[in-house]
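Asker: input28.cif (mmCIF, C-alpha atoms) pasted underneath:
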data_coords
#
loop_
_atom_site.label_atom_id
_atom_site.label_comp_id
_atom_site.auth_asym_id
_atom_site.auth_seq_id
_atom_site.Cartn_x
_atom_site.Cartn_y
_atom_site.Cartn_z
CA MET A 1 -9.78 1.22 -26.22
CA PHE A 2 -7.14 3.81 -27.01
CA LEU A 3 -9.71 6.56 -26.77
CA TRP A 4 -10.78 5.27 -23.37
CA PHE A 5 -7.18 5.12 -22.24
CA HIS A 6 -6.57 8.61 -23.51
CA LYS A 7 -9.67 9.94 -21.79
CA LEU A 8 -8.81 8.30 -18.50
CA GLY A 9 -5.44 9.98 -18.66
CA SER A 10 -6.97 13.42 -18.71
CA PRO A 11 -6.79 14.95 -15.21
CA PRO A 12 -10.34 16.38 -15.01
CA HIS A 13 -11.85 13.13 -16.20
CA PHE A 14 -9.81 11.05 -13.79
CA TYR A 15 -10.61 13.44 -10.95
CA ARG A 16 -14.33 13.01 -11.53
CA ILE A 17 -14.30 9.25 -12.06
CA ALA A 18 -12.10 8.65 -9.01
CA GLY A 19 -14.42 10.77 -6.90
CA LYS A 20 -17.38 8.66 -7.99
CA TRP A 21 -15.60 5.37 -7.27
CA ILE A 22 -14.31 6.26 -3.83
CA PRO A 23 -17.54 5.62 -1.84
CA TRP A 24 -18.09 2.26 -3.59
CA LEU A 25 -14.52 1.18 -3.03
CA GLY A 26 -14.85 2.28 0.59
CA TRP A 27 -17.81 -0.03 1.20
CA ILE A 28 -16.21 -2.96 -0.58
CA PHE A 29 -13.07 -2.45 1.49
CA LEU A 30 -14.99 -2.34 4.77
CA LEU A 31 -16.96 -5.48 3.89
CA LEU A 32 -13.85 -7.42 2.91
CA LEU A 33 -12.04 -6.17 6.00
CA ALA A 34 -14.88 -7.18 8.32
CA ALA A 35 -15.13 -10.64 6.76
CA GLY A 36 -11.34 -11.09 6.79
CA LEU A 37 -10.98 -9.99 10.41
CA TYR A 38 -13.84 -12.19 11.56
CA GLY A 39 -12.46 -15.17 9.70
CA GLY A 40 -8.92 -14.53 10.84
CA LEU A 41 -9.41 -13.62 14.48
CA VAL A 42 -12.53 -15.61 15.40
CA GLU A 43 -13.17 -18.48 13.01
CA ALA A 44 -9.68 -19.70 12.15
CA PRO A 45 -8.27 -22.25 14.64
CA PRO A 46 -4.94 -21.67 16.40
CA ASP A 47 -1.88 -23.01 14.60
CA TYR A 48 -0.60 -26.34 15.93
CA GLN A 49 2.96 -25.04 16.19
CA GLN A 50 2.65 -21.28 16.56
CA GLY A 51 -0.52 -21.09 18.65
CA GLU A 52 -2.38 -17.81 18.39
CA SER A 53 0.66 -15.78 17.38
CA TYR A 54 0.30 -16.77 13.73
CA ARG A 55 -2.76 -14.50 13.51
CA ILE A 56 -0.29 -11.74 12.72
CA ILE A 57 -0.18 -13.14 9.17
CA PHE A 58 -3.56 -11.63 8.43
CA VAL A 59 -1.97 -8.19 8.44
CA HIS A 60 1.67 -9.10 7.82
CA VAL A 61 1.27 -11.08 4.60
CA PRO A 62 -1.18 -8.71 2.84
CA ALA A 63 1.03 -5.75 3.79
CA ALA A 64 4.12 -7.52 2.42
CA TRP A 65 2.36 -8.53 -0.80
CA MET A 66 1.12 -5.00 -1.29
CA SER A 67 4.58 -3.56 -0.65
CA LEU A 68 5.74 -5.51 -3.72
CA PHE A 69 2.61 -4.89 -5.78
CA VAL A 70 2.69 -1.11 -5.29
CA TYR A 71 6.32 -1.04 -6.39
CA VAL A 72 5.49 -2.96 -9.56
CA VAL A 73 2.67 -0.47 -10.26
CA MET A 74 5.24 2.31 -9.98
CA ALA A 75 7.56 0.57 -12.42
CA VAL A 76 4.65 0.17 -14.87
CA CYS A 77 4.05 3.91 -14.48
CA TRP A 78 7.62 4.43 -15.65
CA ALA A 79 6.76 2.67 -18.93
CA VAL A 80 3.58 4.72 -19.38
CA ILE A 81 5.52 7.93 -18.74
CA ILE A 82 8.25 7.00 -21.23
CA ILE A 83 5.93 5.70 -23.97
CA TRP A 84 2.90 7.97 -23.74
CA HIS A 85 4.25 10.92 -21.72
CA MET A 86 1.12 10.63 -19.65
CA LYS A 87 0.97 13.20 -16.88
CA LEU A 88 -1.44 11.11 -14.86
CA ALA A 89 1.12 8.27 -14.65
CA GLU A 90 3.50 10.66 -12.88
CA VAL A 91 0.77 11.48 -10.40
CA VAL A 92 -0.06 7.80 -9.86
CA LEU A 93 3.63 6.99 -9.38
CA ILE A 94 4.34 9.63 -6.80
CA SER A 95 1.02 9.10 -5.03
CA SER A 96 1.78 5.37 -4.74
CA ALA A 97 5.12 5.90 -3.05
CA PRO A 98 3.93 6.90 0.44
CA ILE A 99 1.29 4.13 0.42
CA GLY A 100 3.89 1.56 -0.64
CA ALA A 101 6.32 2.84 1.96
CA SER A 102 3.78 2.49 4.73
CA PHE A 103 2.83 -1.04 3.63
CA THR A 104 6.53 -1.94 3.67
CA PHE A 105 6.94 -0.40 7.10
CA LEU A 106 3.89 -2.31 8.34
CA ALA A 107 5.22 -5.59 6.92
CA LEU A 108 8.60 -5.04 8.60
CA VAL A 109 7.20 -4.13 12.02
CA THR A 110 4.52 -6.83 12.13
CA GLY A 111 7.14 -9.29 10.91
CA SER A 112 9.47 -8.44 13.74
CA LEU A 113 6.59 -8.60 16.23
CA TRP A 114 5.99 -12.10 14.96
CA GLY A 115 9.68 -12.93 14.89
CA LYS A 116 10.24 -12.17 18.56
CA PRO A 117 8.05 -14.96 20.00
CA MET A 118 8.72 -17.42 17.14
CA TRP A 119 12.40 -16.94 16.30
CA GLY A 120 13.46 -15.32 19.57
CA THR A 121 14.58 -12.11 17.90
CA TYR A 122 13.03 -8.98 16.47
CA TRP A 123 15.51 -8.72 13.64
CA VAL A 124 18.14 -10.71 11.74
CA TRP A 125 20.15 -9.58 8.74
CA ASP A 126 18.94 -12.35 6.49
CA ALA A 127 17.98 -12.15 2.83
CA ARG A 128 14.23 -11.68 3.10
CA LEU A 129 14.32 -9.12 5.87
CA THR A 130 17.22 -7.15 4.45
CA SER A 131 15.81 -6.98 0.92
CA GLU A 132 12.46 -5.81 2.31
CA LEU A 133 14.30 -3.12 4.28
CA ILE A 134 16.03 -2.03 1.05
CA LEU A 135 12.57 -1.74 -0.49
CA LEU A 136 11.59 0.67 2.28
CA PHE A 137 14.68 2.76 1.53
CA LEU A 138 13.83 2.75 -2.18
CA TYR A 139 10.37 4.10 -1.41
CA LEU A 140 11.80 6.74 0.90
CA GLY A 141 14.41 7.64 -1.73
CA ILE A 142 11.70 8.12 -4.33
CA ILE A 143 9.68 10.37 -2.01
CA GLY A 144 12.79 12.34 -1.05
CA LEU A 145 13.94 12.79 -4.63
CA HIS A 146 10.49 13.97 -5.69
CA ASN A 147 10.41 16.52 -2.90
CA ALA A 148 13.91 17.75 -3.72
CA ILE A 149 13.21 18.70 -7.33
CA GLU A 150 11.22 21.89 -7.72
CA ASP A 151 9.86 21.33 -11.24
CA LYS A 152 7.33 18.53 -10.89
CA ARG A 153 7.56 17.33 -14.51
CA THR A 154 11.32 16.82 -14.15
CA ALA A 155 10.78 15.29 -10.73
CA GLY A 156 8.24 12.87 -12.19
CA ARG A 157 10.68 11.59 -14.76
CA ALA A 158 13.57 11.37 -12.31
CA VAL A 159 11.64 9.30 -9.77
CA ALA A 160 10.29 7.08 -12.57
CA ILE A 161 13.86 6.07 -13.42
CA LEU A 162 14.66 5.42 -9.77
CA ALA A 163 11.49 3.29 -9.55
CA LEU A 164 12.61 1.29 -12.57
CA VAL A 165 16.14 0.69 -11.26
CA GLY A 166 14.75 -0.50 -7.93
CA VAL A 167 12.44 -3.02 -9.52
CA VAL A 168 15.35 -5.51 -9.64
CA ASN A 169 14.83 -5.82 -5.89
CA ILE A 170 11.31 -7.24 -6.30
CA PRO A 171 12.20 -10.76 -7.53
CA ILE A 172 15.05 -10.78 -5.02
CA ILE A 173 12.57 -10.26 -2.19
CA HIS A 174 10.17 -12.83 -3.58
CA TYR A 175 12.71 -15.60 -4.14
CA SER A 176 15.00 -14.73 -1.24
CA VAL A 177 13.52 -17.50 0.92
CA GLU A 178 14.34 -20.06 -1.77
CA TRP A 179 17.72 -18.77 -2.93
CA TRP A 180 19.26 -18.32 0.50
CA HIS A 181 18.90 -20.07 3.81
CA SER A 182 16.61 -17.77 5.64
CA LEU A 183 15.04 -17.67 9.05
CA HIS A 184 11.90 -16.56 7.27
CA GLN A 185 9.56 -19.40 6.40
CA GLY A 186 9.14 -20.49 2.80
CA PRO A 187 6.10 -19.69 0.69
CA THR A 188 2.91 -21.36 1.85
CA VAL A 189 0.39 -19.81 -0.50
CA THR A 190 2.06 -19.10 -3.85
CA LYS A 191 3.21 -22.61 -4.49
CA PHE A 192 2.54 -24.16 -7.85
CA ASP A 193 1.02 -27.35 -6.47
CA LYS A 194 -1.25 -27.07 -3.47
CA PRO A 195 -0.86 -24.35 -0.88
CA SER A 196 0.31 -25.87 2.40
CA ILE A 197 -2.16 -23.87 4.43
CA HIS A 198 -5.59 -24.99 5.50
CA TRP A 199 -8.52 -23.22 3.85
CA SER A 200 -9.84 -21.98 7.20
CA MET A 201 -6.67 -19.87 7.42
CA LEU A 202 -6.23 -19.32 3.69
CA LEU A 203 -9.69 -17.87 3.11
CA PRO A 204 -9.40 -15.03 5.65
CA LEU A 205 -5.87 -14.40 4.42
CA LEU A 206 -7.09 -13.98 0.85
CA LEU A 207 -9.98 -11.80 2.04
CA MET A 208 -7.55 -9.56 3.88
CA ALA A 209 -5.25 -9.46 0.86
CA LEU A 210 -8.18 -8.41 -1.30
CA ALA A 211 -9.19 -5.80 1.28
CA PHE A 212 -5.68 -4.35 1.23
CA GLN A 213 -5.75 -4.32 -2.56
CA VAL A 214 -9.02 -2.39 -2.64
CA TYR A 215 -7.69 -0.12 0.08
CA TYR A 216 -4.66 0.69 -2.04
CA VAL A 217 -6.84 1.79 -4.95
CA LEU A 218 -8.98 3.80 -2.55
CA ALA A 219 -6.06 5.58 -0.90
CA LEU A 220 -4.37 6.04 -4.27
CA PHE A 221 -7.43 7.70 -5.79
CA GLN A 222 -7.76 10.13 -2.93
CA ARG A 223 -4.05 10.96 -2.99
CA CYS A 224 -4.14 11.43 -6.76
CA ARG A 225 -7.11 13.76 -6.49
CA ALA A 226 -5.30 15.95 -3.97
CA GLU A 227 -2.09 15.88 -6.04
CA LEU A 228 -3.97 16.75 -9.24
CA LEU A 229 -5.60 19.75 -7.60
CA ARG A 230 -2.21 20.92 -6.34
CA ARG A 231 -0.46 20.50 -9.69
CA GLU A 232 -3.19 21.88 -11.86
CA ARG A 233 -4.42 24.67 -9.65
CA ASN A 234 -4.05 27.18 -12.44
CA HIS A 235 -5.91 25.09 -15.01
CA LYS A 236 -9.39 25.94 -16.13
CA TRP A 237 -11.01 22.68 -14.98
CA VAL A 238 -9.87 23.22 -11.41
CA GLY A 239 -11.30 26.73 -11.46
CA GLU A 240 -14.64 25.30 -12.49
CA LEU A 241 -14.89 22.93 -9.52
CA MET B 17 -13.84 -12.73 25.65
CA LEU B 18 -10.86 -12.44 27.98
CA GLU B 19 -9.43 -15.60 26.43
CA PHE B 20 -9.75 -13.94 23.03
CA LEU B 21 -7.95 -10.81 24.19
CA LYS B 22 -5.13 -12.89 25.71
CA MET B 23 -4.39 -14.49 22.31
CA GLY B 24 -2.95 -17.58 23.99
CA GLY B 25 -0.27 -15.46 25.69
CA TYR B 26 0.76 -13.67 22.50
CA ALA B 27 -1.38 -10.58 23.10
CA ALA B 28 1.72 -8.37 23.37
CA TYR B 29 2.64 -9.27 19.79
CA VAL B 30 -0.70 -9.79 18.06
CA TRP B 31 -2.55 -6.66 19.18
CA PRO B 32 0.22 -4.13 18.51
CA SER B 33 0.42 -5.59 14.98
CA TYR B 34 -3.28 -5.00 14.41
CA GLY B 35 -3.11 -1.61 16.10
CA LEU B 36 -0.28 -0.46 13.88
CA ALA B 37 -2.09 -1.76 10.81
CA ALA B 38 -5.18 0.25 11.78
CA LEU B 39 -3.06 3.35 12.33
CA VAL B 40 -1.26 2.99 8.99
CA LEU B 41 -4.50 2.46 7.07
CA TRP B 42 -6.21 5.35 8.84
CA LEU B 43 -3.34 7.80 8.24
CA ASN B 44 -3.09 6.87 4.56
CA TRP B 45 -6.72 7.78 4.20
CA TYR B 46 -6.95 10.76 6.54
CA LEU B 47 -3.89 12.72 5.33
CA PRO B 48 -4.78 12.81 1.60
CA CYS B 49 -8.37 13.74 2.53
CA LYS B 50 -7.07 16.65 4.56
CA GLN B 51 -4.76 17.72 1.76
CA HIS B 52 -7.60 17.50 -0.74
CA ASP B 53 -9.90 19.61 1.43
CA ASN B 54 -7.12 22.16 1.95
CA GLU B 55 -6.69 22.52 -1.80
CA LEU B 56 -10.41 23.02 -2.28
CA ARG B 57 -10.52 25.62 0.49
CA GLN B 58 -7.63 27.54 -1.06
CA LEU B 59 -9.37 27.36 -4.40
CA LYS B 60 -12.52 28.91 -2.95
CA ARG B 61 -10.49 31.67 -1.31
CA ARG B 62 -8.74 32.45 -4.60
CA LYS B 63 -12.08 32.57 -6.39
CA LYS B 64 -13.44 35.01 -3.83
CA ALA B 65 -10.36 37.21 -4.13
CA GLU B 66 -10.72 37.28 -7.91
CA LYS B 67 -14.32 38.43 -7.70
CA LYS B 68 -13.48 41.43 -5.55
#
Please rewrite the model in this file as structure tokens.

Answerer:
Amino acid sequence: MFLWFHKLGSPPHFYRIAGKWIPWLGWIFLLLLAAGLYGGLVEAPPDYQQGESYRIIFVHVPAAWMSLFVYVVMAVCWAVIIIWHMKLAEVVLISSAPIGASFTFLALVTGSLWGKPMWGTYWVWDARLTSELILLFLYLGIIGLHNAIEDKRTAGRAVAILALVGVVNIPIIHYSVEWWHSLHQGPTVTKFDKPSIHWSMLLPLLLMALAFQVYYVLALFQRCRAELLRRERNHKWVGEL
Amino acid sequence: MLEFLKMGGYAAYVWPSYGLAALVLWLNWYLPCKQHDNELRQLKRRKKAEKK
């Protein structure tokens, strides 16, 4: 197990493995996406209160979930960097940031496009929306800090600490709809008893969430490959490509 | 079909959401691919220069 972990952490090995996985992940993503879109846009019935507008959830909710998930991945990278000094974790961390930022951006914009017809406003400064906006700033801060520091090893460690500090925001976002009165609706899927959403809507939602998850790995792999080539351009393994 | 595109009167909100999602997913794939190819191209150029 440790040997496997160690091997995976080696840049040339990761570069090769990721390259092999990308086409497979691509097909899985497209299949999940097609099934999710069909289920969400065609099969699922309109909502009895929100009509057709609720169909925005099929992109809004997966994007919002992923915005949190990617940030948690980055915080885990911090631990790997501190404990094992693994170079690859730095690459994964900084390659995740732009993907996470764009998921956050997508969640915010689709949310406000949903908010306008349902709440009557694009934006309110309530707990859920504001904490998600802070998440976007955290992502942007991490990208900015990484770009500002010339030495990439130092930059990697600096952004890892910023990623860790920001992780306090994650439970705040998740529980914000329960802790504060919010315009945002409460959780409908991640409830401990039964989700209060019908399976005809839940199934496409989960398919889309899975598609986004696979997409993240896909985009992350490709970004990591590019970043590895850039960082290690003077290494022997890159010369042998 | 037209009914579907109208989205019960919410077309102005639903379709931009999906459009933006498509754009975000496409860019996140396209940009790293381009960067990766650039690196490989530079690598080839360097190799050629070394041979000379």

Asker: List the residues matched by the PyMOL selection byres ((chain B) within 9 of (chain A)) in the displayed structure as a PDB file with C-alpha atoms, keeping the file's coordinate frame, ordered by chain and then by residue number.

Answerer:
ATOM      1  CA  PHE B  20      -9.750 -13.940  23.030  1.00  0.00           C
ATOM      2  CA  MET B  23      -4.390 -14.490  22.310  1.00  0.00           C
ATOM      3  CA  GLY B  24      -2.950 -17.580  23.990  1.00  0.00           C
ATOM      4  CA  GLY B  25      -0.270 -15.460  25.690  1.00  0.00           C
ATOM      5  CA  TYR B  26       0.760 -13.670  22.500  1.00  0.00           C
ATOM      6  CA  ALA B  27      -1.380 -10.580  23.100  1.00  0.00           C
ATOM      7  CA  ALA B  28       1.720  -8.370  23.370  1.00  0.00           C
ATOM      8  CA  TYR B  29       2.640  -9.270  19.790  1.00  0.00           C
ATOM      9  CA  VAL B  30      -0.700  -9.790  18.060  1.00  0.00           C
ATOM     10  CA  TRP B  31      -2.550  -6.660  19.180  1.00  0.00           C
ATOM     11  CA  PRO B  32       0.220  -4.130  18.510  1.00  0.00           C
ATOM     12  CA  SER B  33       0.420  -5.590  14.980  1.00  0.00           C
ATOM     13  CA  TYR B  34      -3.280  -5.000  14.410  1.00  0.00           C
ATOM     14  CA  LEU B  36      -0.280  -0.460  13.880  1.00  0.00           C
ATOM     15  CA  ALA B  37      -2.090  -1.760  10.810  1.00  0.00           C
ATOM     16  CA  VAL B  40      -1.260   2.990   8.990  1.00  0.00           C
ATOM     17  CA  LEU B  41      -4.500   2.460   7.070  1.00  0.00           C
ATOM     18  CA  ASN B  44      -3.090   6.870   4.560  1.00  0.00           C
ATOM     19  CA  TRP B  45      -6.720   7.780   4.200  1.00  0.00           C
ATOM     20  CA  LEU B  47      -3.890  12.720   5.330  1.00  0.00           C
ATOM     21  CA  PRO B  48      -4.780  12.810   1.600  1.00  0.00           C
ATOM     22  CA  CYS B  49      -8.370  13.740   2.530  1.00  0.00           C
ATOM     23  CA  LYS B  50      -7.070  16.650   4.560  1.00  0.00           C
ATOM     24  CA  GLN B  51      -4.760  17.720   1.760  1.00  0.00           C
ATOM     25  CA  HIS B  52      -7.600  17.500  -0.740  1.00  0.00           C
ATOM     26  CA  ASP B  53      -9.900  19.610   1.430  1.00  0.00           C
ATOM     27  CA  ASN B  54      -7.120  22.160   1.950  1.00  0.00           C
ATOM     28  CA  GLU B  55      -6.690  22.520  -1.800  1.00  0.00           C
ATOM     29  CA  LEU B  56     -10.410  23.020  -2.280  1.00  0.00           C
ATOM     30  CA  LEU B  59      -9.370  27.360  -4.400  1.00  0.00           C
ATOM     31  CA  LYS B  60     -12.520  28.910  -2.950  1.00  0.00           C
ATOM     32  CA  LYS B  63     -12.080  32.570  -6.390  1.00  0.00           C
TER      33      LYS B  63
END

Asker: Expand the PyMOL selection byres ((chain A and resi 126) around 10) into the explicit residue set it covers here, and present it as a ChimeraX atom specification.

Answerer: /A:123-125,127-131,176-177,180-184

Asker: For CA of Ser67 (chain A) and CA of Ile22 (chain A), quote the distance in Å rounded to one decimal.

Answerer: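 Rounded to one decimal, the two atoms are 21.5 Å apart.
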
Asker: Can you work out the spacing between CA of Val214 (chain A) and CA of Thr104 (chain A) in Å, to one decimal?

Answerer: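 These atoms are spaced 16.8 Å apart.
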
Asker: For the structure provided, state which residues fall under the PyMOL selection byres ((chain A and resi 156-164) around 8), and present them as a JSON list (two decimals) with C-alpha atoms, keeping the file's coordinate frame.

Answerer:
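The result, stored in selection07.json:
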[["chain", "number", "residue", "atom", "x", "y", "z"],
["A", 71, "TYR", "CA", 6.32, -1.04, -6.39],
["A", 74, "MET", "CA", 5.24, 2.31, -9.98],
["A", 75, "ALA", "CA", 7.56, 0.57, -12.42],
["A", 77, "CYS", "CA", 4.05, 3.91, -14.48],
["A", 78, "TRP", "CA", 7.62, 4.43, -15.65],
["A", 81, "ILE", "CA", 5.52, 7.93, -18.74],
["A", 90, "GLU", "CA", 3.50, 10.66, -12.88],
["A", 91, "VAL", "CA", 0.77, 11.48, -10.40],
["A", 93, "LEU", "CA", 3.63, 6.99, -9.38],
["A", 94, "ILE", "CA", 4.34, 9.63, -6.80],
["A", 138, "LEU", "CA", 13.83, 2.75, -2.18],
["A", 142, "ILE", "CA", 11.70, 8.12, -4.33],
["A", 145, "LEU", "CA", 13.94, 12.79, -4.63],
["A", 146, "HIS", "CA", 10.49, 13.97, -5.69],
["A", 152, "LYS", "CA", 7.33, 18.53, -10.89],
["A", 153, "ARG", "CA", 7.56, 17.33, -14.51],
["A", 154, "THR", "CA", 11.32, 16.82, -14.15],
["A", 155, "ALA", "CA", 10.78, 15.29, -10.73],
["A", 165, "VAL", "CA", 16.14, 0.69, -11.26],
["A", 166, "GLY", "CA", 14.75, -0.50, -7.93],
["A", 167, "VAL", "CA", 12.44, -3.02, -9.52],
["A", 168, "VAL", "CA", 15.35, -5.51, -9.64]]

Asker: Between A:Ala44, A:Val76, A:Leu8, A:Leu140, which one has atoms that come closest to Trp199 (chain A), using only C-alpha atoms?

Answerer: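 Ranking A:Ala44, A:Val76, A:Leu8, A:Leu140 by distance to Trp199 (chain A), first place goes to A:Ala44.
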
Asker: Any idea what the distance is between CA of Ala38 (chain B) and CA of Met118 (chain A)?

Answerer: 23.1 Å
